[in-house]
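Reproduced below: coords23.pdb, with PDB, C-alpha atoms.
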```pdb
MODEL        1
ATOM      1  CA  MET A  25      13.926  -1.023  20.832  1.00  0.00           C
ATOM      2  CA  LEU A  26      14.178  -2.859  17.505  1.00  0.00           C
ATOM      3  CA  ILE A  27      13.139  -6.358  16.510  1.00  0.00           C
ATOM      4  CA  LYS A  28      14.684  -7.734  13.327  1.00  0.00           C
ATOM      5  CA  ILE A  29      13.556 -10.934  11.616  1.00  0.00           C
ATOM      6  CA  CYS A  30      16.392 -12.156   9.411  1.00  0.00           C
ATOM      7  CA  GLY A  31      16.803 -14.620   6.582  1.00  0.00           C
ATOM      8  CA  LEU A  32      13.285 -14.291   5.189  1.00  0.00           C
ATOM      9  CA  LEU A  33      12.595 -16.706   2.369  1.00  0.00           C
ATOM     10  CA  GLU A  34       9.110 -15.858   1.108  1.00  0.00           C
ATOM     11  CA  PRO A  35       6.846 -12.787   0.943  1.00  0.00           C
ATOM     12  CA  THR A  36       4.491 -14.462   3.423  1.00  0.00           C
ATOM     13  CA  ASP A  37       7.343 -14.530   5.960  1.00  0.00           C
ATOM     14  CA  ALA A  38       7.579 -10.756   5.735  1.00  0.00           C
ATOM     15  CA  ASP A  39       3.792 -10.421   5.948  1.00  0.00           C
ATOM     16  CA  VAL A  40       3.737 -12.313   9.246  1.00  0.00           C
ATOM     17  CA  ALA A  41       6.761 -10.482  10.639  1.00  0.00           C
ATOM     18  CA  VAL A  42       5.240  -7.083   9.836  1.00  0.00           C
ATOM     19  CA  ALA A  43       1.807  -8.025  11.161  1.00  0.00           C
ATOM     20  CA  SER A  44       3.423  -9.253  14.382  1.00  0.00           C
ATOM     21  CA  GLY A  45       5.261  -5.972  14.924  1.00  0.00           C
ATOM     22  CA  ALA A  46       8.771  -6.430  13.506  1.00  0.00           C
ATOM     23  CA  ASP A  47      10.742  -3.231  12.977  1.00  0.00           C
ATOM     24  CA  MET A  48      13.139  -4.714  10.427  1.00  0.00           C
ATOM     25  CA  VAL A  49      12.811  -7.449   7.809  1.00  0.00           C
ATOM     26  CA  SER A  50      15.996  -8.895   6.423  1.00  0.00           C
ATOM     27  CA  VAL A  51      17.132 -10.859   3.386  1.00  0.00           C
ATOM     28  CA  ILE A  52      20.511 -12.542   2.961  1.00  0.00           C
ATOM     29  CA  PHE A  53      22.560 -11.776  -0.160  1.00  0.00           C
ATOM     30  CA  ALA A  54      25.734 -13.528   1.010  1.00  0.00           C
ATOM     31  CA  ARG A  55      26.568 -17.108   0.022  1.00  0.00           C
ATOM     32  CA  ALA A  56      24.412 -19.097   2.451  1.00  0.00           C
ATOM     33  CA  ARG A  57      21.504 -21.497   2.592  1.00  0.00           C
ATOM     34  CA  ARG A  58      19.042 -18.633   3.009  1.00  0.00           C
ATOM     35  CA  ARG A  59      20.451 -16.563   0.147  1.00  0.00           C
ATOM     36  CA  ARG A  60      17.811 -14.992  -2.104  1.00  0.00           C
ATOM     37  CA  THR A  61      18.052 -13.690  -5.654  1.00  0.00           C
ATOM     38  CA  LEU A  62      17.389 -10.041  -6.384  1.00  0.00           C
ATOM     39  CA  ALA A  63      13.945 -10.902  -7.741  1.00  0.00           C
ATOM     40  CA  GLN A  64      13.091 -12.960  -4.663  1.00  0.00           C
ATOM     41  CA  ALA A  65      14.361 -10.214  -2.386  1.00  0.00           C
ATOM     42  CA  ARG A  66      12.310  -7.562  -4.158  1.00  0.00           C
ATOM     43  CA  ALA A  67       9.174  -9.682  -3.761  1.00  0.00           C
ATOM     44  CA  ILE A  68       9.844 -10.061  -0.036  1.00  0.00           C
ATOM     45  CA  PHE A  69      10.658  -6.401   0.559  1.00  0.00           C
ATOM     46  CA  ASP A  70       7.701  -5.187  -1.503  1.00  0.00           C
ATOM     47  CA  THR A  71       5.338  -6.584   1.140  1.00  0.00           C
ATOM     48  CA  ALA A  72       6.793  -4.357   3.875  1.00  0.00           C
ATOM     49  CA  PRO A  73       5.254  -0.918   4.532  1.00  0.00           C
ATOM     50  CA  PRO A  74       7.488   2.181   4.595  1.00  0.00           C
ATOM     51  CA  HIS A  75       7.840   2.261   8.389  1.00  0.00           C
ATOM     52  CA  VAL A  76       9.458  -1.202   8.424  1.00  0.00           C
ATOM     53  CA  GLU A  77      13.154  -1.103   7.555  1.00  0.00           C
ATOM     54  CA  ARG A  78      14.525  -3.296   4.778  1.00  0.00           C
ATOM     55  CA  VAL A  79      17.898  -4.841   5.598  1.00  0.00           C
ATOM     56  CA  GLY A  80      20.296  -6.725   3.340  1.00  0.00           C
ATOM     57  CA  VAL A  81      22.957  -9.027   4.806  1.00  0.00           C
ATOM     58  CA  PHE A  82      26.355  -9.139   3.098  1.00  0.00           C
ATOM     59  CA  VAL A  83      29.692 -10.828   3.771  1.00  0.00           C
ATOM     60  CA  ASN A  84      32.808  -9.238   2.225  1.00  0.00           C
ATOM     61  CA  ALA A  85      30.938  -8.100  -0.881  1.00  0.00           C
ATOM     62  CA  PRO A  86      32.430  -5.422  -3.132  1.00  0.00           C
ATOM     63  CA  CYS A  87      31.100  -2.029  -2.102  1.00  0.00           C
ATOM     64  CA  ALA A  88      29.868  -1.346  -5.633  1.00  0.00           C
ATOM     65  CA  GLU A  89      27.791  -4.532  -5.521  1.00  0.00           C
ATOM     66  CA  VAL A  90      26.265  -3.540  -2.189  1.00  0.00           C
ATOM     67  CA  ASN A  91      25.360  -0.090  -3.504  1.00  0.00           C
ATOM     68  CA  GLU A  92      23.748  -1.596  -6.578  1.00  0.00           C
ATOM     69  CA  ILE A  93      21.562  -3.856  -4.429  1.00  0.00           C
ATOM     70  CA  ILE A  94      20.708  -0.922  -2.159  1.00  0.00           C
ATOM     71  CA  ASP A  95      19.285   0.853  -5.204  1.00  0.00           C
ATOM     72  CA  ILE A  96      17.493  -2.154  -6.677  1.00  0.00           C
ATOM     73  CA  CYS A  97      15.913  -3.339  -3.417  1.00  0.00           C
ATOM     74  CA  ARG A  98      15.556   0.093  -1.780  1.00  0.00           C
ATOM     75  CA  LEU A  99      17.452  -1.052   1.296  1.00  0.00           C
ATOM     76  CA  ASP A 100      17.355   1.087   4.416  1.00  0.00           C
ATOM     77  CA  ARG A 101      20.258  -0.739   6.088  1.00  0.00           C
ATOM     78  CA  VAL A 102      23.064  -3.116   5.196  1.00  0.00           C
ATOM     79  CA  GLN A 103      24.366  -5.633   7.705  1.00  0.00           C
ATOM     80  CA  LEU A 104      28.057  -6.336   7.151  1.00  0.00           C
ATOM     81  CA  SER A 105      28.895  -9.719   8.635  1.00  0.00           C
ATOM     82  CA  GLY A 106      32.359 -10.365   7.284  1.00  0.00           C
ATOM     83  CA  ALA A 107      35.767  -8.745   7.721  1.00  0.00           C
ATOM     84  CA  GLU A 108      34.684  -5.346   6.416  1.00  0.00           C
ATOM     85  CA  THR A 109      36.974  -2.521   7.509  1.00  0.00           C
ATOM     86  CA  PRO A 110      36.003   0.722   9.257  1.00  0.00           C
ATOM     87  CA  ALA A 111      36.651   2.573   5.979  1.00  0.00           C
ATOM     88  CA  TYR A 112      34.364   0.199   4.096  1.00  0.00           C
ATOM     89  CA  CYS A 113      31.618   0.815   6.659  1.00  0.00           C
ATOM     90  CA  ARG A 114      32.093   4.593   6.467  1.00  0.00           C
ATOM     91  CA  ALA A 115      31.625   4.433   2.697  1.00  0.00           C
ATOM     92  CA  LEU A 116      28.115   3.077   3.263  1.00  0.00           C
ATOM     93  CA  GLY A 117      27.230   5.840   5.698  1.00  0.00           C
ATOM     94  CA  GLN A 118      24.312   5.632   8.083  1.00  0.00           C
ATOM     95  CA  ARG A 119      23.001   2.445   6.468  1.00  0.00           C
ATOM     96  CA  ALA A 120      25.864   0.347   7.861  1.00  0.00           C
ATOM     97  CA  ILE A 121      25.330  -2.239  10.600  1.00  0.00           C
ATOM     98  CA  LYS A 122      28.588  -3.975  11.565  1.00  0.00           C
ATOM     99  CA  THR A 123      28.630  -7.487  12.952  1.00  0.00           C
ATOM    100  CA  LEU A 124      31.033  -8.172  15.813  1.00  0.00           C
ATOM    101  CA  ARG A 125      31.495 -11.399  17.766  1.00  0.00           C
ATOM    102  CA  LEU A 126      32.163 -11.487  21.482  1.00  0.00           C
ATOM    103  CA  PRO A 127      34.374 -11.836  23.355  1.00  0.00           C
ATOM    104  CA  ASN A 128      36.961 -11.798  20.536  1.00  0.00           C
ATOM    105  CA  ASP A 129      35.874  -8.496  18.975  1.00  0.00           C
ATOM    106  CA  HIS A 130      35.288  -6.579  22.194  1.00  0.00           C
ATOM    107  CA  ALA A 131      38.111  -4.112  21.468  1.00  0.00           C
ATOM    108  CA  GLN A 132      36.825  -3.373  17.966  1.00  0.00           C
ATOM    109  CA  PHE A 133      33.832  -1.199  18.849  1.00  0.00           C
ATOM    110  CA  PRO A 134      35.706   2.146  18.947  1.00  0.00           C
ATOM    111  CA  ASN A 135      37.158   1.507  15.487  1.00  0.00           C
ATOM    112  CA  PHE A 136      33.747   1.641  13.778  1.00  0.00           C
ATOM    113  CA  SER A 137      31.620   4.768  13.480  1.00  0.00           C
ATOM    114  CA  VAL A 138      28.388   2.950  12.628  1.00  0.00           C
ATOM    115  CA  PRO A 139      24.955   3.776  14.047  1.00  0.00           C
ATOM    116  CA  LEU A 140      24.232   0.167  14.976  1.00  0.00           C
ATOM    117  CA  PHE A 141      26.223  -2.960  15.814  1.00  0.00           C
ATOM    118  CA  HIS A 142      25.065  -6.549  15.339  1.00  0.00           C
ATOM    119  CA  LEU A 143      26.405  -9.017  17.917  1.00  0.00           C
ATOM    120  CA  ASP A 144      26.543 -12.702  17.017  1.00  0.00           C
ATOM    121  CA  ALA A 145      27.996 -15.957  18.280  1.00  0.00           C
ATOM    122  CA  LEU A 146      31.589 -16.777  17.417  1.00  0.00           C
ATOM    123  CA  VAL A 147      31.574 -19.944  15.303  1.00  0.00           C
ATOM    124  CA  GLU A 148      34.774 -20.617  13.375  1.00  0.00           C
ATOM    125  CA  GLY A 149      34.287 -20.559   9.621  1.00  0.00           C
ATOM    126  CA  GLN A 150      30.709 -19.260   9.835  1.00  0.00           C
ATOM    127  CA  ALA A 151      29.480 -15.715   9.230  1.00  0.00           C
ATOM    128  CA  GLY A 152      26.204 -16.182  11.119  1.00  0.00           C
ATOM    129  CA  GLY A 153      22.850 -17.908  11.147  1.00  0.00           C
ATOM    130  CA  THR A 154      24.219 -20.905  13.029  1.00  0.00           C
ATOM    131  CA  GLY A 155      21.706 -20.878  15.868  1.00  0.00           C
ATOM    132  CA  GLU A 156      24.541 -21.216  18.390  1.00  0.00           C
ATOM    133  CA  GLN A 157      23.763 -19.749  21.810  1.00  0.00           C
ATOM    134  CA  TRP A 158      26.435 -17.857  23.745  1.00  0.00           C
ATOM    135  CA  ASP A 159      26.865 -15.990  27.012  1.00  0.00           C
ATOM    136  CA  TYR A 160      24.672 -12.983  26.240  1.00  0.00           C
ATOM    137  CA  SER A 161      25.769 -11.223  29.427  1.00  0.00           C
ATOM    138  CA  LEU A 162      29.110 -10.617  27.660  1.00  0.00           C
ATOM    139  CA  ALA A 163      27.277  -8.003  25.606  1.00  0.00           C
ATOM    140  CA  ARG A 164      26.023  -6.008  28.604  1.00  0.00           C
ATOM    141  CA  ASP A 165      28.899  -3.507  28.627  1.00  0.00           C
ATOM    142  CA  ALA A 166      28.691  -3.009  24.867  1.00  0.00           C
ATOM    143  CA  ALA A 167      24.918  -2.517  25.087  1.00  0.00           C
ATOM    144  CA  ASN A 168      25.480   0.188  27.689  1.00  0.00           C
ATOM    145  CA  ALA A 169      27.898   2.054  25.431  1.00  0.00           C
ATOM    146  CA  TYR A 170      26.544   1.420  21.920  1.00  0.00           C
ATOM    147  CA  ARG A 171      23.357   0.628  20.081  1.00  0.00           C
ATOM    148  CA  VAL A 172      23.494  -3.127  19.538  1.00  0.00           C
ATOM    149  CA  LEU A 173      21.275  -5.780  18.007  1.00  0.00           C
ATOM    150  CA  LEU A 174      21.709  -8.967  20.001  1.00  0.00           C
ATOM    151  CA  SER A 175      21.619 -12.204  17.998  1.00  0.00           C
ATOM    152  CA  GLY A 176      22.961 -15.743  17.910  1.00  0.00           C
ATOM    153  CA  GLY A 177      20.860 -18.631  19.144  1.00  0.00           C
ATOM    154  CA  LEU A 178      17.873 -16.527  20.166  1.00  0.00           C
ATOM    155  CA  SER A 179      14.430 -18.131  20.111  1.00  0.00           C
ATOM    156  CA  PRO A 180      10.944 -17.445  21.469  1.00  0.00           C
ATOM    157  CA  ASP A 181      11.919 -19.413  24.585  1.00  0.00           C
ATOM    158  CA  ASN A 182      15.130 -17.586  25.538  1.00  0.00           C
ATOM    159  CA  VAL A 183      14.772 -14.081  24.107  1.00  0.00           C
ATOM    160  CA  GLY A 184      13.243 -12.743  27.309  1.00  0.00           C
ATOM    161  CA  ALA A 185      16.144 -13.923  29.461  1.00  0.00           C
ATOM    162  CA  ALA A 186      18.685 -12.646  26.920  1.00  0.00           C
ATOM    163  CA  ILE A 187      17.113  -9.188  26.925  1.00  0.00           C
ATOM    164  CA  ALA A 188      17.009  -9.133  30.720  1.00  0.00           C
ATOM    165  CA  ALA A 189      20.700 -10.076  30.890  1.00  0.00           C
ATOM    166  CA  THR A 190      21.868  -7.580  28.265  1.00  0.00           C
ATOM    167  CA  ARG A 191      19.305  -4.780  27.767  1.00  0.00           C
ATOM    168  CA  PRO A 192      20.257  -4.346  24.108  1.00  0.00           C
ATOM    169  CA  TYR A 193      18.909  -1.736  21.712  1.00  0.00           C
ATOM    170  CA  GLY A 194      17.297  -4.580  19.792  1.00  0.00           C
ATOM    171  CA  VAL A 195      17.281  -8.267  18.953  1.00  0.00           C
ATOM    172  CA  ASP A 196      17.710 -10.238  15.749  1.00  0.00           C
ATOM    173  CA  VAL A 197      16.634 -13.796  14.948  1.00  0.00           C
ATOM    174  CA  SER A 198      16.784 -16.207  12.022  1.00  0.00           C
ATOM    175  CA  SER A 199      17.197 -19.919  12.764  1.00  0.00           C
ATOM    176  CA  GLY A 200      15.378 -19.545  16.089  1.00  0.00           C
ATOM    177  CA  VAL A 201      12.110 -18.936  14.255  1.00  0.00           C
ATOM    178  CA  GLU A 202      12.471 -21.806  11.805  1.00  0.00           C
ATOM    179  CA  THR A 203      11.140 -25.347  11.612  1.00  0.00           C
ATOM    180  CA  ASN A 204      12.634 -27.725   9.061  1.00  0.00           C
ATOM    181  CA  GLN A 205      14.684 -24.864   7.573  1.00  0.00           C
ATOM    182  CA  ARG A 206      11.629 -22.755   6.787  1.00  0.00           C
ATOM    183  CA  LYS A 207      10.326 -19.759   8.658  1.00  0.00           C
ATOM    184  CA  ASP A 208       7.767 -20.856  11.253  1.00  0.00           C
ATOM    185  CA  HIS A 209       5.130 -18.155  11.421  1.00  0.00           C
ATOM    186  CA  ASP A 210       3.942 -19.147  14.886  1.00  0.00           C
ATOM    187  CA  LYS A 211       7.512 -18.872  16.177  1.00  0.00           C
ATOM    188  CA  ILE A 212       7.897 -15.439  14.579  1.00  0.00           C
ATOM    189  CA  GLU A 213       4.763 -14.233  16.347  1.00  0.00           C
ATOM    190  CA  ARG A 214       5.848 -15.683  19.697  1.00  0.00           C
ATOM    191  CA  PHE A 215       9.373 -14.317  19.380  1.00  0.00           C
ATOM    192  CA  ILE A 216       8.153 -10.787  18.770  1.00  0.00           C
ATOM    193  CA  ARG A 217       5.542 -10.985  21.526  1.00  0.00           C
ATOM    194  CA  ASN A 218       8.044 -12.324  24.072  1.00  0.00           C
ATOM    195  CA  ALA A 219      10.680  -9.772  23.065  1.00  0.00           C
ATOM    196  CA  ARG A 220       8.235  -6.873  23.451  1.00  0.00           C
ATOM    197  CA  GLN A 221       7.231  -8.096  26.892  1.00  0.00           C
ATOM    198  CA  ALA A 222      10.858  -8.404  27.970  1.00  0.00           C
ATOM    199  CA  PHE A 223      11.777  -4.940  26.683  1.00  0.00           C
ATOM    200  CA  ALA A 224       8.808  -3.484  28.576  1.00  0.00           C
ATOM    201  CA  ALA A 225       9.868  -5.076  31.874  1.00  0.00           C
ATOM    202  CA  PRO A 226      11.945  -2.973  34.296  1.00  0.00           C
ATOM    203  CA  ALA A 227      15.697  -3.376  33.927  1.00  0.00           C
ATOM    204  CA  ARG A 228      17.513  -5.441  36.556  1.00  0.00           C
ATOM    205  CA  ALA A 229      19.484  -3.487  39.114  1.00  0.00           C
TER     206      ALA A 229
ENDMDL
END
```
Go through the file and emit its structure as structure tokens.
Amino acid sequence: MLIKICGLLEPTDADVAVASGADMVSVIFARARRRRTLAQARAIFDTAPPHVERVGVFVNAPCAEVNEIIDICRLDRVQLSGAETPAYCRALGQRAIKTLRLPNDHAQFPNFSVPLFHLDALVEGQAGGTGEQWDYSLARDAANAYRVLLSGGLSPDNVGAAIAATRPYGVDVSSGVETNQRKDHDKIERFIRNARQAFAAPARA
């Protein structure tokens, strides 16, 4: 079970996420409202201890650029949320997390040999972080066959039900732990607590 807190903006966001039990802390490098500079990202990642994975989010970035940021920020994983090909993902090896959107991308899973998939809501023209909820039960079959991080519209209030419906390998949240476009530290704590409780509960028959 993994819990990823995405789109961190400040080092204090990472401090709270780590203290609350997050397994992954994530910074966005793609063109987006939550995008951070390399210096800002380094400051955020530097607060995380070695056992917490550092994740960078990219959308259709040149592979050379991604590798450079991996080195500079000491990234453990890279989340690829654009139209990256299977070959592109293979070039990044075991660090690659590929975003797919259901139900449209359901047939794409076998094409990618990545250790982890990221499942998000399908919103035309958007690569993620929209806060749009979707039918999480659509991911149940994929979660049975692959390691998936469930995301898209999750919040402290619905993460338990989403986990019960899907039984994913992990969950990922960004906008669902924000207030006024800033990370809400109380929401981060509640999200992680509620997710842990849901993961610990027996699976539905």
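Distance check against A:Met25 using all atoms listed in the file: of A:Asp37, A:Asp47, A:Glu89, A:Glu77, the minimum falls on A:Asp47.
Neighbouring residues of A:Leu174 at 6 Å or closer, counting all atoms listed in the file and skipping chain neighbours under 6 positions away, are Leu143, Val195 and Asp196 of chain A.
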Query raised in the report: Which polymer residues have any atom within 7 Å of an atom of stretch 66-68 of chain A, counting only C-alpha atoms, with same-chain residues fewer than 2 positions away left out, as a ChimeraX atom specification?
Result: /A:34-35,38,62-64,70-71,97
Report task. Please provide as a list in words all residues within 8 Å of A:Ala145, with the sequence filter that same-chain residues fewer than 5 positions apart are discarded (counting all atoms listed in the file). Result -> Arg125, Leu126, Gly152, Glu156, Gln157, Trp158, Ser175, Gly176 and Gly177 of chain A
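Using only C-alpha atoms, the nearest neighbour of A:Ala107 within the list A:Ala169, A:Cys87, A:Leu124, A:Val201 is A:Leu124.
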Requested in this report: Using all atoms listed in the file, find the one residue out of A:Pro86, A:His75, A:Arg119, A:Leu26 that sits nearest to A:Ile187.
Outcome: A:Leu26
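Closest approach to A:Gly45 among A:Ile93, A:Ala224, A:Leu32, A:Ile216: A:Ile216, based on all atoms listed in the file.
Across the structure, atom CA of A:Gly106 and atom CA of A:Val90 are spaced 13.2 Å apart.
The residue that comes closest to A:Arg101, out of A:Asn128, A:Ala72, A:Arg58, A:Ser50 and on the basis of only C-alpha atoms, is A:Ser50.
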Report summary line: Correct to one decimal, the distance atom CA of A:Asn182-atom CA of A:Phe141 is 20.8 Å
If the PyMOL selection byres ((chain A and resi 215) around 9) is run on the structure shown, which residues does it catch, given as a compact mmCIF listing (two decimals) with C-alpha atoms, in the coordinates of the input?
```txt
# COMPACT_ATOMS: atom_id res chain seq x y z
CA LEU A 178 17.87 -16.53 20.17
CA SER A 179 14.43 -18.13 20.11
CA PRO A 180 10.94 -17.44 21.47
CA ASP A 181 11.92 -19.41 24.58
CA VAL A 183 14.77 -14.08 24.11
CA GLY A 184 13.24 -12.74 27.31
CA VAL A 197 16.63 -13.80 14.95
CA GLY A 200 15.38 -19.55 16.09
CA VAL A 201 12.11 -18.94 14.26
CA ASP A 210 3.94 -19.15 14.89
CA LYS A 211 7.51 -18.87 16.18
CA ILE A 212 7.90 -15.44 14.58
CA GLU A 213 4.76 -14.23 16.35
CA ARG A 214 5.85 -15.68 19.70
CA ILE A 216 8.15 -10.79 18.77
CA ARG A 217 5.54 -10.98 21.53
CA ASN A 218 8.04 -12.32 24.07
CA ALA A 219 10.68 -9.77 23.06
CA ARG A 220 8.24 -6.87 23.45
```
Requested in this report: Return as a ChimeraX atom specification the set of residues that the PyMOL selection byres ((chain A and resi 78) around 7) yields on the displayed structure.
Outcome: /A:48-50,69,76-77,79-80,99-101
Requested in this report: Quick one: everything within 12 Å of stretch 130-138 of chain A, counting only C-alpha atoms, minus sequence neighbours fewer than 2 positions away in the same chain. Send it as a PyMOL selection string.
Outcome: chain A and resi 101-104+107-128+140-144+146+162-167+169-172
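Counting all atoms listed in the file, the residue from A:Arg59, A:Arg98, A:Lys28, A:Lys207 that sits nearest to A:Phe82 is A:Arg59.
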Centre, edges in Å (one decimal): axis-aligned box, stretch 69-84 of chain A, 8 Å padding on all six sides, as AutoDock Vina command-line options:
```
--center_x 19.0 --center_y -4.3 --center_z 3.5 --size_x 43.6 --size_y 29.1 --size_z 25.9
```
Requested in this report: Between atom CA of A:Tyr160 and atom CA of A:Leu173, measure the distance and give it in Å to one decimal.
Outcome: 11.5 Å
